[in-house]
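Source file: entry04.cif (mmCIF, C-alpha atoms)
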```
data_final
loop_
_atom_site.label_atom_id
_atom_site.label_comp_id
_atom_site.auth_asym_id
_atom_site.auth_seq_id
_atom_site.Cartn_x
_atom_site.Cartn_y
_atom_site.Cartn_z
CA MET A 1 -26.23 3.85 24.22
CA ASN A 2 -22.68 2.56 23.74
CA LEU A 3 -20.09 3.71 21.17
CA SER A 4 -20.95 1.03 18.61
CA GLU A 5 -24.62 2.00 18.70
CA LYS A 6 -23.87 5.72 18.36
CA ASP A 7 -21.48 4.95 15.51
CA GLN A 8 -24.26 3.15 13.65
CA LEU A 9 -26.41 6.29 13.95
CA TYR A 10 -23.80 8.75 12.69
CA ASN A 11 -21.05 7.21 10.57
CA TRP A 12 -20.63 5.89 7.02
CA HIS A 13 -17.72 3.42 6.89
CA PRO A 14 -15.51 2.54 3.90
CA TYR A 15 -16.16 -0.63 1.90
CA THR A 16 -19.26 -1.31 4.01
CA GLN A 17 -22.83 -2.20 2.99
CA HIS A 18 -24.54 -0.89 6.12
CA LYS A 19 -27.87 -2.59 5.40
CA THR A 20 -26.26 -6.00 5.92
CA THR A 21 -23.62 -5.04 8.50
CA GLY A 22 -24.31 -5.02 12.22
CA LEU A 23 -22.67 -3.06 15.01
CA LEU A 24 -18.94 -2.55 14.58
CA PRO A 25 -16.48 -3.05 17.45
CA ALA A 26 -15.52 0.30 18.99
CA ILE A 27 -11.77 0.37 19.68
CA VAL A 28 -10.74 2.53 22.63
CA LYS A 29 -7.08 1.61 23.22
CA GLY A 30 -4.05 0.22 21.45
CA GLU A 31 -0.61 -0.90 22.56
CA GLY A 32 1.95 -2.82 20.54
CA ALA A 33 0.18 -5.38 18.36
CA LEU A 34 -2.96 -5.29 20.53
CA LEU A 35 -6.23 -3.36 20.46
CA TRP A 36 -9.08 -3.28 23.01
CA ASP A 37 -12.73 -2.47 22.40
CA GLU A 38 -15.15 -0.63 24.67
CA ASN A 39 -16.15 -3.91 26.33
CA GLY A 40 -12.56 -4.80 27.20
CA LYS A 41 -12.20 -7.46 24.51
CA GLU A 42 -8.62 -7.84 23.25
CA TYR A 43 -7.69 -8.21 19.57
CA ILE A 44 -4.38 -8.94 17.86
CA ASP A 45 -4.00 -6.48 14.98
CA ALA A 46 -2.69 -9.03 12.49
CA ILE A 47 -2.83 -6.66 9.50
CA ALA A 48 -1.28 -3.60 11.17
CA SER A 49 -4.54 -1.66 10.67
CA TRP A 50 -4.52 -1.77 6.87
CA TRP A 51 -0.73 -2.07 6.69
CA VAL A 52 0.07 1.32 8.25
CA ASN A 53 1.27 0.44 11.75
CA PRO A 54 4.52 -1.58 11.66
CA PHE A 55 5.90 -0.31 14.97
CA GLY A 56 2.86 -0.97 17.12
CA HIS A 57 0.05 1.13 18.49
CA SER A 58 0.82 4.01 20.86
CA ASN A 59 4.49 3.86 19.96
CA LYS A 60 6.32 6.17 22.36
CA THR A 61 9.15 7.11 19.99
CA ILE A 62 6.73 8.42 17.36
CA ALA A 63 4.39 9.95 19.95
CA ASP A 64 7.26 11.89 21.52
CA ALA A 65 8.38 13.17 18.11
CA ILE A 66 4.83 14.31 17.33
CA TYR A 67 4.46 16.07 20.69
CA ALA A 68 7.78 17.88 20.30
CA GLN A 69 6.80 19.04 16.83
CA LEU A 70 3.30 20.13 17.88
CA THR A 71 4.81 22.40 20.51
CA THR A 72 7.28 23.89 17.99
CA LEU A 73 5.52 24.17 14.63
CA GLU A 74 2.37 22.13 14.03
CA HIS A 75 1.74 23.23 10.43
CA VAL A 76 2.77 25.76 7.84
CA LEU A 77 1.64 26.02 4.24
CA PHE A 78 4.05 24.37 1.78
CA GLY A 79 2.97 26.61 -1.10
CA GLY A 80 5.55 29.37 -1.04
CA PHE A 81 7.29 28.17 2.14
CA THR A 82 9.38 25.28 3.41
CA HIS A 83 10.44 24.06 6.85
CA ASN A 84 13.19 22.08 8.52
CA LYS A 85 11.29 18.79 8.94
CA ALA A 86 10.41 18.54 5.25
CA VAL A 87 14.05 19.17 4.31
CA GLU A 88 15.28 16.62 6.88
CA LEU A 89 12.78 13.99 5.78
CA SER A 90 13.51 14.48 2.08
CA GLU A 91 17.24 14.24 2.73
CA LYS A 92 16.74 11.06 4.77
CA LEU A 93 14.48 9.40 2.22
CA LEU A 94 16.71 10.23 -0.73
CA ALA A 95 19.52 8.39 1.05
CA LEU A 96 17.28 5.30 1.29
CA LEU A 97 15.54 5.41 -2.09
CA PRO A 98 17.02 4.13 -5.36
CA ALA A 99 19.75 6.50 -6.54
CA ASN A 100 17.76 7.68 -9.57
CA GLN A 101 15.09 9.29 -7.35
CA LYS A 102 15.89 12.99 -6.96
CA LYS A 103 12.73 15.00 -6.20
CA LEU A 104 9.95 14.47 -3.65
CA PHE A 105 6.38 15.73 -3.98
CA TYR A 106 4.32 15.61 -0.78
CA SER A 107 0.61 14.81 -0.48
CA ASP A 108 -1.59 13.10 2.09
CA ASN A 109 -2.54 9.44 1.32
CA GLY A 110 -1.79 6.55 -0.97
CA SER A 111 -4.40 7.43 -3.57
CA THR A 112 -3.11 10.98 -3.89
CA ALA A 113 0.48 9.74 -4.11
CA VAL A 114 -0.61 7.68 -7.12
CA GLU A 115 -2.64 10.58 -8.50
CA VAL A 116 0.45 12.81 -8.41
CA GLY A 117 2.53 10.14 -10.14
CA LEU A 118 0.01 9.64 -12.93
CA LYS A 119 -0.53 13.38 -13.43
CA GLY A 120 3.22 13.91 -13.46
CA ALA A 121 3.72 11.32 -16.22
CA LEU A 122 0.82 12.59 -18.32
CA GLN A 123 1.76 16.28 -17.99
CA TYR A 124 5.42 15.57 -18.76
CA PHE A 125 4.45 14.61 -22.30
CA TYR A 126 1.84 17.38 -22.54
CA ASN A 127 4.55 19.92 -21.62
CA LYS A 128 6.68 18.57 -24.45
CA GLY A 129 3.84 18.66 -26.97
CA GLU A 130 3.64 14.86 -27.24
CA LYS A 131 0.27 13.13 -27.23
CA ARG A 132 0.58 10.30 -24.71
CA THR A 133 -2.67 10.07 -22.79
CA LYS A 134 -2.95 6.39 -21.89
CA VAL A 135 -1.69 4.31 -18.96
CA ILE A 136 -0.77 0.62 -18.61
CA ALA A 137 -1.59 -1.35 -15.46
CA PHE A 138 -1.85 -4.94 -14.30
CA GLU A 139 -5.06 -6.92 -14.17
CA ASP A 140 -6.53 -7.06 -10.63
CA ALA A 141 -4.42 -4.08 -9.57
CA PHE A 142 -5.48 -1.72 -6.80
CA HIS A 143 -4.01 1.78 -6.62
CA GLY A 144 -6.60 3.74 -4.65
CA ASP A 145 -10.00 5.40 -4.84
CA THR A 146 -9.41 8.87 -6.33
CA PHE A 147 -10.22 9.06 -10.04
CA GLY A 148 -6.77 8.52 -11.54
CA ALA A 149 -5.85 5.84 -9.01
CA MET A 150 -9.25 4.20 -9.47
CA ALA A 151 -8.82 4.17 -13.25
CA ALA A 152 -5.54 2.30 -12.84
CA SER A 153 -7.19 -0.24 -10.55
CA GLY A 154 -8.47 -3.44 -12.06
CA ILE A 155 -10.82 -4.78 -9.37
CA THR A 156 -14.07 -4.03 -11.18
CA PHE A 157 -16.59 -3.53 -8.38
CA TYR A 158 -14.45 -0.64 -7.10
CA THR A 159 -14.76 1.15 -10.43
CA GLU A 160 -17.77 -0.10 -12.40
CA ALA A 161 -20.06 2.76 -11.28
CA PHE A 162 -17.60 5.25 -12.83
CA GLN A 163 -16.90 3.68 -16.23
CA GLY A 164 -16.83 6.40 -18.87
CA SER A 165 -15.45 8.94 -16.40
CA LEU A 166 -11.93 7.54 -16.08
CA LEU A 167 -8.52 7.75 -17.74
CA GLU A 168 -7.91 5.28 -20.54
CA VAL A 169 -6.02 2.35 -19.01
CA THR A 170 -4.97 -0.87 -20.75
CA ARG A 171 -4.36 -3.90 -18.55
CA ILE A 172 -1.79 -6.64 -19.01
CA PRO A 173 -1.56 -10.02 -17.28
CA VAL A 174 0.22 -10.17 -13.94
CA PRO A 175 3.54 -12.02 -14.51
CA THR A 176 2.89 -14.71 -11.91
CA PRO A 177 4.78 -17.99 -12.42
CA GLY A 178 3.80 -19.33 -15.84
CA ASN A 179 2.44 -16.01 -17.12
CA GLU A 180 5.71 -14.15 -17.56
CA THR A 181 5.91 -14.49 -21.35
CA LYS A 182 2.28 -13.46 -21.84
CA SER A 183 2.79 -10.37 -19.68
CA LEU A 184 5.98 -9.33 -21.46
CA ALA A 185 4.44 -9.84 -24.91
CA ALA A 186 1.39 -7.74 -24.03
CA LEU A 187 3.55 -4.90 -22.72
CA GLN A 188 5.83 -5.00 -25.75
CA VAL A 189 2.90 -4.32 -28.09
CA LEU A 190 1.58 -1.43 -26.00
CA VAL A 191 4.83 0.46 -25.40
CA ALA A 192 5.76 0.23 -29.08
CA SER A 193 2.61 2.22 -29.97
CA GLU A 194 3.98 5.42 -28.38
CA GLU A 195 0.50 6.19 -27.00
CA TYR A 196 1.27 5.44 -23.35
CA ALA A 197 2.73 7.79 -20.77
CA ALA A 198 3.20 5.34 -17.90
CA PHE A 199 3.09 1.79 -16.63
CA ILE A 200 1.96 1.59 -13.00
CA PHE A 201 2.41 -1.51 -10.85
CA GLU A 202 2.51 -2.79 -7.29
CA PRO A 203 6.07 -4.15 -7.17
CA LEU A 204 6.29 -7.90 -6.40
CA VAL A 205 3.04 -8.06 -4.38
CA GLN A 206 -0.52 -7.09 -5.37
CA GLY A 207 -2.02 -6.33 -1.98
CA ALA A 208 -5.78 -5.94 -2.44
CA ALA A 209 -5.82 -8.77 -4.99
CA GLY A 210 -4.89 -11.15 -2.16
CA MET A 211 -1.13 -10.73 -1.83
CA VAL A 212 -0.51 -12.07 -5.33
CA MET A 213 3.27 -12.34 -5.80
CA TYR A 214 5.61 -12.37 -8.78
CA ALA A 215 9.38 -12.35 -9.26
CA PRO A 216 11.67 -9.29 -9.44
CA GLU A 217 13.43 -10.69 -12.51
CA VAL A 218 10.34 -10.39 -14.71
CA LEU A 219 9.54 -6.93 -13.33
CA ASP A 220 13.07 -5.89 -14.30
CA GLN A 221 12.29 -6.98 -17.87
CA LEU A 222 8.99 -5.09 -17.90
CA ILE A 223 10.64 -1.90 -16.64
CA ALA A 224 13.42 -2.25 -19.21
CA LEU A 225 10.82 -2.46 -21.99
CA CYS A 226 9.12 0.68 -20.71
CA GLN A 227 12.30 2.68 -20.37
CA LYS A 228 13.45 1.64 -23.86
CA HIS A 229 10.26 3.21 -25.25
CA HIS A 230 10.22 6.21 -22.87
CA VAL A 231 7.19 5.01 -20.92
CA PHE A 232 7.55 5.99 -17.27
CA ALA A 233 7.55 3.12 -14.76
CA ILE A 234 5.56 3.97 -11.62
CA ALA A 235 6.13 1.75 -8.57
CA ASP A 236 3.17 1.97 -6.20
CA GLU A 237 5.00 1.19 -2.95
CA VAL A 238 2.15 2.39 -0.74
CA MET A 239 1.71 -1.11 0.72
CA THR A 240 5.13 -2.67 0.05
CA GLY A 241 7.29 0.21 1.32
CA PHE A 242 9.14 0.45 4.62
CA GLY A 243 10.16 -3.15 5.24
CA LYS A 244 7.09 -5.20 4.33
CA THR A 245 8.89 -7.30 1.71
CA GLY A 246 12.04 -7.75 3.80
CA LYS A 247 13.83 -4.80 2.17
CA THR A 248 13.14 -1.11 2.77
CA PHE A 249 11.34 -0.94 -0.59
CA ALA A 250 10.25 -3.72 -2.91
CA SER A 251 12.11 -1.79 -5.64
CA ASP A 252 15.32 -2.65 -3.78
CA TYR A 253 15.01 -6.15 -5.27
CA LEU A 254 15.22 -4.68 -8.78
CA VAL A 255 18.14 -3.95 -11.08
CA ASN A 256 16.09 -1.56 -13.23
CA LYS A 257 14.65 1.11 -10.96
CA PRO A 258 11.28 2.81 -11.46
CA ASP A 259 11.07 6.40 -12.64
CA ILE A 260 8.38 7.32 -10.10
CA MET A 261 7.62 5.87 -6.66
CA CYS A 262 4.50 6.31 -4.51
CA LEU A 263 4.84 6.12 -0.71
CA SER A 264 2.33 6.34 2.14
CA LYS A 265 0.76 3.99 4.78
CA ALA A 266 3.72 3.02 7.04
CA LEU A 267 5.53 6.28 6.19
CA THR A 268 4.42 7.82 9.51
CA GLY A 269 4.04 4.59 11.47
CA GLY A 270 0.24 4.72 11.32
CA THR A 271 -0.09 8.10 13.03
CA ILE A 272 -0.62 11.07 10.72
CA PRO A 273 -1.84 10.87 7.09
CA MET A 274 1.02 11.64 4.73
CA ALA A 275 2.21 10.56 1.30
CA ILE A 276 5.13 11.22 -1.01
CA THR A 277 5.64 10.73 -4.74
CA THR A 278 9.27 10.61 -5.82
CA PHE A 279 10.61 11.46 -9.27
CA THR A 280 13.78 11.25 -11.33
CA GLN A 281 15.58 14.42 -12.33
CA GLU A 282 14.36 13.89 -15.91
CA MET A 283 10.76 14.02 -14.72
CA PHE A 284 11.35 17.20 -12.72
CA ASP A 285 13.17 18.82 -15.65
CA GLY A 286 10.07 18.29 -17.80
CA PHE A 287 8.30 20.87 -15.61
CA TYR A 288 11.25 23.25 -15.09
CA ASN A 289 10.42 26.08 -17.45
CA ASP A 290 9.95 29.85 -17.74
CA ASP A 291 6.31 29.13 -18.58
CA VAL A 292 4.32 29.00 -15.33
CA ASN A 293 1.67 26.87 -17.05
CA LYS A 294 4.17 24.02 -17.21
CA ALA A 295 4.42 23.81 -13.42
CA MET A 296 2.83 20.95 -11.44
CA PHE A 297 -0.47 22.54 -10.43
CA HIS A 298 -1.38 20.03 -7.77
CA GLY A 299 -1.42 20.46 -3.99
CA HIS A 300 -3.11 19.62 -0.71
CA THR A 301 -3.75 21.80 2.33
CA PHE A 302 -1.64 19.57 4.56
CA THR A 303 1.17 18.97 2.05
CA ALA A 304 4.44 18.27 3.91
CA ASN A 305 2.73 18.87 7.27
CA PRO A 306 5.63 19.38 9.75
CA THR A 307 4.07 17.10 12.38
CA GLY A 308 3.65 14.34 9.82
CA CYS A 309 7.26 14.82 8.70
CA ALA A 310 8.42 14.52 12.32
CA ALA A 311 6.41 11.30 12.68
CA ALA A 312 7.95 9.95 9.45
CA LEU A 313 11.50 10.72 10.62
CA ALA A 314 10.84 8.86 13.90
CA SER A 315 9.28 5.98 11.96
CA ILE A 316 12.33 5.63 9.71
CA GLN A 317 14.57 5.74 12.79
CA LEU A 318 12.61 2.79 14.21
CA LEU A 319 12.72 0.88 10.91
CA GLU A 320 16.51 1.16 10.76
CA SER A 321 17.00 0.00 14.35
CA PRO A 322 18.59 -3.45 14.85
CA GLU A 323 15.53 -4.53 16.86
CA MET A 324 13.09 -3.90 14.00
CA GLN A 325 15.36 -5.45 11.38
CA GLN A 326 15.68 -8.54 13.57
CA ASN A 327 11.90 -8.59 14.04
CA ILE A 328 11.34 -8.55 10.27
CA THR A 329 13.71 -11.51 9.91
CA ARG A 330 12.04 -13.32 12.81
CA ILE A 331 8.52 -12.86 11.43
CA ASN A 332 9.64 -14.01 7.97
CA ALA A 333 11.10 -17.22 9.44
CA LYS A 334 7.89 -17.88 11.39
CA HIS A 335 5.79 -17.27 8.28
CA LEU A 336 7.91 -19.65 6.21
CA ALA A 337 7.56 -22.40 8.81
CA PHE A 338 3.79 -21.93 8.96
CA ALA A 339 3.55 -21.88 5.16
CA THR A 340 5.44 -25.17 4.99
CA LYS A 341 3.07 -26.69 7.52
CA MET A 342 -0.09 -25.49 5.77
CA GLN A 343 1.03 -26.17 2.20
CA SER A 344 0.28 -29.90 2.60
CA HIS A 345 -3.14 -29.32 4.13
CA PRO A 346 -5.85 -30.86 1.90
CA LYS A 347 -7.97 -27.69 2.04
CA VAL A 348 -5.10 -25.36 1.08
CA LYS A 349 -4.41 -24.58 -2.58
CA THR A 350 -1.27 -22.46 -2.16
CA THR A 351 0.75 -20.50 0.37
CA ARG A 352 3.16 -17.64 -0.31
CA VAL A 353 5.52 -15.53 1.78
CA LEU A 354 7.61 -12.43 1.17
CA GLY A 355 9.12 -10.54 4.09
CA VAL A 356 6.44 -10.13 6.75
CA ILE A 357 3.65 -10.91 4.27
CA PHE A 358 1.97 -14.32 4.45
CA ALA A 359 -0.91 -15.49 2.25
CA LEU A 360 -2.87 -18.73 2.14
CA GLU A 361 -5.39 -19.63 -0.53
CA ILE A 362 -8.16 -22.01 0.48
CA ALA A 363 -9.10 -24.57 -2.18
CA THR A 364 -12.62 -24.02 -3.51
CA ALA A 365 -14.85 -25.79 -6.03
CA GLY A 366 -15.52 -22.56 -7.92
CA ALA A 367 -14.77 -18.86 -7.92
CA GLU A 368 -15.42 -16.94 -4.70
CA SER A 369 -16.55 -13.31 -4.75
CA TYR A 370 -14.41 -10.63 -3.13
CA TYR A 371 -16.86 -9.93 -0.30
CA GLY A 372 -18.71 -13.23 -0.60
CA THR A 373 -20.02 -15.82 1.83
CA MET A 374 -16.67 -17.52 2.48
CA ARG A 375 -14.88 -14.23 3.07
CA ASN A 376 -17.53 -13.03 5.49
CA LYS A 377 -17.58 -16.33 7.36
CA LEU A 378 -13.78 -16.19 7.73
CA TYR A 379 -13.79 -12.54 8.76
CA ASN A 380 -16.43 -13.05 11.44
CA PHE A 381 -14.62 -16.12 12.78
CA PHE A 382 -11.39 -14.17 13.22
CA ILE A 383 -13.08 -11.19 14.89
CA GLU A 384 -14.98 -13.49 17.28
CA ASN A 385 -11.66 -15.09 18.20
CA GLY A 386 -9.86 -11.81 18.85
CA VAL A 387 -7.73 -11.64 15.68
CA ILE A 388 -8.10 -8.81 13.15
CA LEU A 389 -7.71 -10.29 9.68
CA ARG A 390 -9.50 -9.20 6.49
CA PRO A 391 -9.61 -12.13 4.06
CA VAL A 392 -9.92 -11.41 0.34
CA SER A 393 -12.37 -13.88 -1.19
CA ASN A 394 -10.84 -17.29 -0.29
CA ILE A 395 -7.41 -15.84 0.56
CA VAL A 396 -6.31 -15.27 4.14
CA TYR A 397 -3.31 -13.01 4.55
CA ILE A 398 -1.25 -11.91 7.55
CA LEU A 399 0.77 -8.69 7.62
CA PRO A 400 1.45 -7.98 11.30
CA PRO A 401 3.21 -5.12 13.07
CA TYR A 402 6.93 -5.79 13.37
CA VAL A 403 6.53 -5.74 17.16
CA VAL A 404 4.19 -8.76 17.19
CA SER A 405 5.44 -11.38 19.66
CA ASP A 406 6.03 -15.06 18.89
CA ALA A 407 3.13 -15.95 21.19
CA GLN A 408 0.84 -13.55 19.33
CA LEU A 409 1.98 -14.98 15.99
CA GLU A 410 1.25 -18.50 17.22
CA LYS A 411 -2.26 -17.44 18.18
CA ILE A 412 -2.78 -15.89 14.73
CA TYR A 413 -1.54 -19.06 13.04
CA SER A 414 -3.70 -21.29 15.25
CA LYS A 415 -6.80 -19.28 14.34
CA VAL A 416 -5.97 -19.41 10.64
CA GLU A 417 -5.53 -23.18 10.89
CA ALA A 418 -8.85 -23.48 12.76
CA ALA A 419 -10.57 -21.34 10.12
CA VAL A 420 -9.30 -23.58 7.31
CA GLU A 421 -10.65 -26.61 9.17
CA MET A 422 -13.99 -24.84 9.66
CA ILE A 423 -14.54 -24.10 5.95
#
```

So, in terms of structure tokens, how does the structure I just supplied come out?
Amino acid sequence: MNLSEKDQLYNWHPYTQHKTTGLLPAIVKGEGALLWDENGKEYIDAIASWWVNPFGHSNKTIADAIYAQLTTLEHVLFGGFTHNKAVELSEKLLALLPANQKKLFYSDNGSTAVEVGLKGALQYFYNKGEKRTKVIAFEDAFHGDTFGAMAASGITFYTEAFQGSLLEVTRIPVPTPGNETKSLAALQVLVASEEYAAFIFEPLVQGAAGMVMYAPEVLDQLIALCQKHHVFAIADEVMTGFGKTGKTFASDYLVNKPDIMCLSKALTGGTIPMAITTFTQEMFDGFYNDDVNKAMFHGHTFTANPTGCAAALASIQLLESPEMQQNITRINAKHLAFATKMQSHPKVKTTRVLGVIFALEIATAGAESYYGTMRNKLYNFFIENGVILRPVSNIVYILPPYVVSDAQLEKIYSKVEAAVEMI
């Protein structure tokens, strides 16, 4: 019995209906932008393994940092203690983050980073005796699978089984081109009610919705509205952070900076689960009190894990290197050229590019379901052809590791073009 067969016996995979899913490829090795399965088949990881692996698989710089840390201090509880790697990482990140970010709260994945941000905003007002128990989010948002993050998410099949068990969240239109006024007007009404603690958003790019993009100028206006009415703006940078949009953070495109930021995924270069939620001094001061009950009573066993912090420091070092910055620019130029080529294709509705993110929407006669027939046909075609892509409905997106070669990019593009022709 091979690995794939044993896996089918034992394991329950995320976002998978096992009754209709066959054997899954068993990956045994990775290097750079490539992965190999147990049969020796090679795949190009064109989505950086769910957007976490910008510096390539088996990256020696990060691996060496992890090994050195494991042989020094692998873990120590962060409740009641601190350690050098957490201090170093916090100091490094605060130098990179918007200047209004002053305090870092560590957790272990994107959903929990969002959970901490939402709980922080809600408890801030509770600590002050103000009743603000609602949250604002975009339509078609995705912020994670824990209960607070799930409540803020607008993709219904992720959440419909849990309706009635979630935070109260009001959704506004995404300010895509042509919808800016509608989005702003909807937010204006909500923030004026003084019932909302926070507005959470994926800055500039909605990832799970199919890399839906909107302009920084309108997000600046939305944040300004929130801050005028003391509604905390939460930037979920779990996907967009660490170079994906062409800047270190998508929030770097903004004039008005968020009050809270959520970081994870590429934070450790795809090695060790870790997340961080960052806060302004005002937020922190809302918990700074002689009353212990006004503390942030939230934590995780592996909070600020020293090995994860070491991996994150090495990852940031790689991101700042001239080679990686040049790679981001190179991939963006390649994406733009491919988008121009495909935009005129009769089967293509739209293309869009930001940083290393490319998305192409295939024209369809009607609406396509998220995990529908077209998506599955596209997904299977890519896997058969040695390219790991996970289309969303009729949208194909590419978000490769920064180390992907031009030849590998050309193969990805050629398979996307072939898939469009096939549909």

Proximity check segment 36-128 of chain A to segment 285-304 of chain A, 7 Å, nearest pairs one decimal Å, only C-alpha atoms, as a Markdown table:
```
| residue | atom | partner | partner_atom | distance |
| --- | --- | --- | --- | --- |
| A:Phe78 | CA | A:Thr303 | CA | 6.1 |
| A:Ala86 | CA | A:Ala304 | CA | 6.1 |
| A:Tyr106 | CA | A:Ala304 | CA | 5.4 |
| A:Ser107 | CA | A:Thr303 | CA | 4.9 |
| A:Asp108 | CA | A:Thr303 | CA | 6.5 |
| A:Tyr124 | CA | A:Gly286 | CA | 5.5 |
| A:Asn127 | CA | A:Lys294 | CA | 6.0 |
```

Exercise. Please provide the set of residues having any atom within 7 Å of segment 109-122 of chain A, restricted to only C-alpha atoms, with same-chain residues fewer than 6 positions apart removed, written as a ChimeraX atom specification.
Key: /A:132-133,143-146,148-149,197-198,232,236,238,260,262-265,273-277

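Picture a line from atom CA of Asn332 of chain A to atom CA of Ile423 of chain A; it runs 26.3 Å.
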
Quiz item: Evaluating the PyMOL selection byres ((chain A and resi 65) around 10) on the displayed file yields which residues, as a list in words?
Solution: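 Taken over the shown coordinates, the PyMOL selection byres ((chain A and resi 65) around 10) returns Lys60, Thr61, Ile62, Ala63, Asp64, Ile66, Tyr67, Ala68, Gln69, Leu70, Thr307, Gly308, Cys309, Ala310, Ala311, Ala312, Leu313, Ala314 and Ser315 of chain A.
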
Quiz item: When you draw a straight line from atom CA of Leu166 of chain A to atom CA of Glu195 of chain A, how long is it in Å?
Solution: 16.6 Å

Quiz item: So which residues touch Tyr196 of chain A within 8 Å, counting all atoms listed in the file, skipping near sequence neighbours fewer than 5 positions away, as a PyMOL selection string?
Solution: chain A and resi 132-136+190-191+231

Hey, can you spit out that residue selection with C-alpha atoms as a PDB file, keeping the file's coordinate frame?
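Result saved to part-v2.pdb:
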```pdb
ATOM      1  CA  ARG A 132       0.580  10.300 -24.710  1.00  0.00           C
ATOM      2  CA  THR A 133      -2.670  10.070 -22.790  1.00  0.00           C
ATOM      3  CA  LYS A 134      -2.950   6.390 -21.890  1.00  0.00           C
ATOM      4  CA  VAL A 135      -1.690   4.310 -18.960  1.00  0.00           C
ATOM      5  CA  ILE A 136      -0.770   0.620 -18.610  1.00  0.00           C
ATOM      6  CA  LEU A 190       1.580  -1.430 -26.000  1.00  0.00           C
ATOM      7  CA  VAL A 191       4.830   0.460 -25.400  1.00  0.00           C
ATOM      8  CA  VAL A 231       7.190   5.010 -20.920  1.00  0.00           C
TER       9      VAL A 231
END
```

Practice problem: Skip Asn84 of chain A itself and residues of its chain fewer than 3 positions away, then list as a list in words all residues within 10 Å of it, counting all atoms listed in the file. | Solution: Val87, Glu88, Leu89, Ser90, Pro306, Cys309 and Ala310 of chain A

Quiz item: Quick one: distance from atom CA of Glu410 of chain A to atom CA of Glu320 of chain A in Å, one decimal?
Solution: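 The value is 25.7 Å.
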
Quiz item: Could you write out as a PyMOL selection string the residues that the PyMOL selection byres ((chain A and resi 244) around 8) matches in the shown file?
Solution: chain A and resi 239-243+245-249+354-357+399

Practice problem: Just the residues within 10 Å of Ala99 of chain A, please, counting all atoms listed in the file, with nothing from its chain fewer than 3 positions along; format it as a ChimeraX atom specification. | Solution: /A:94-96,102,257,280

Exercise. Could you check which of A:Val404, A:Gly270, A:Phe338, A:Phe381 is closest to Trp50 of chain A, using only C-alpha atoms?
Key: A:Gly270

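Using all atoms listed in the file for every distance, the candidate list A:Thr170, A:Asn376, A:Glu42, A:Gly178 yields A:Asn376 as the residue closest to Thr16 of chain A.
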
Practice problem: Take the PyMOL selection byres ((chain A and resi 38) around 12), apply it to the structure above, and return the hits as a ChimeraX atom specification. | Solution: /A:1-5,24-30,35-37,39-43

Practice problem: Using all atoms listed in the file, determine which residues lie at most 12 Å from Gly210 of chain A, disregarding the query and same-chain residues fewer than 2 positions distant; provide the list as an MDAnalysis selection string. | Solution: chainID A and resid 140:142 155 205:208 212:213 350:353 357:362 370 375 390:399

Self-check item: Within 12 Å of file point (-9.2, -17.0, 12.7), counting only C-alpha atoms, expressed as a PyMOL selection string
Solution: chain A and resi 43-46+375-391+396-398+409-423

Put the listed atoms of segment 215-231 of chain A in a box along x, y and z with 6 Å added on every side and give me the centre and edge lengths in Å to one decimal, as lines of an AutoDock Vina configuration file.
```
center_x = 10.3
center_y = -3.1
center_z = -17.3
size_x = 18.3
size_y = 30.6
size_z = 28.0
```

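Distances to Val52 of chain A were evaluated for A:Gly80, A:Pro175, A:Pro203, A:Pro400 using all atoms listed in the file, and the minimum falls at A:Pro400.
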
Practice problem: Would you mind telling me which residue in A:Lys341, A:His335, A:Arg330, A:His83 lies nearest to Ser405 of chain A when using only C-alpha atoms? | Solution: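 Nearest to Ser405 of chain A: A:Arg330.
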
Practice problem: Identify which of the residues A:Leu34, A:Met374, A:Leu97, A:Cys226 lies closest to Gln188 of chain A, counting all atoms listed in the file when measuring atom-to-atom distances. | Solution: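 Nearest to Gln188 of chain A: A:Cys226.
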
Quiz item: Closest to Leu222 of chain A among A:Ala152, A:Glu194, A:Ala250, A:Ala137, using only C-alpha atoms?
Solution: A:Ala137
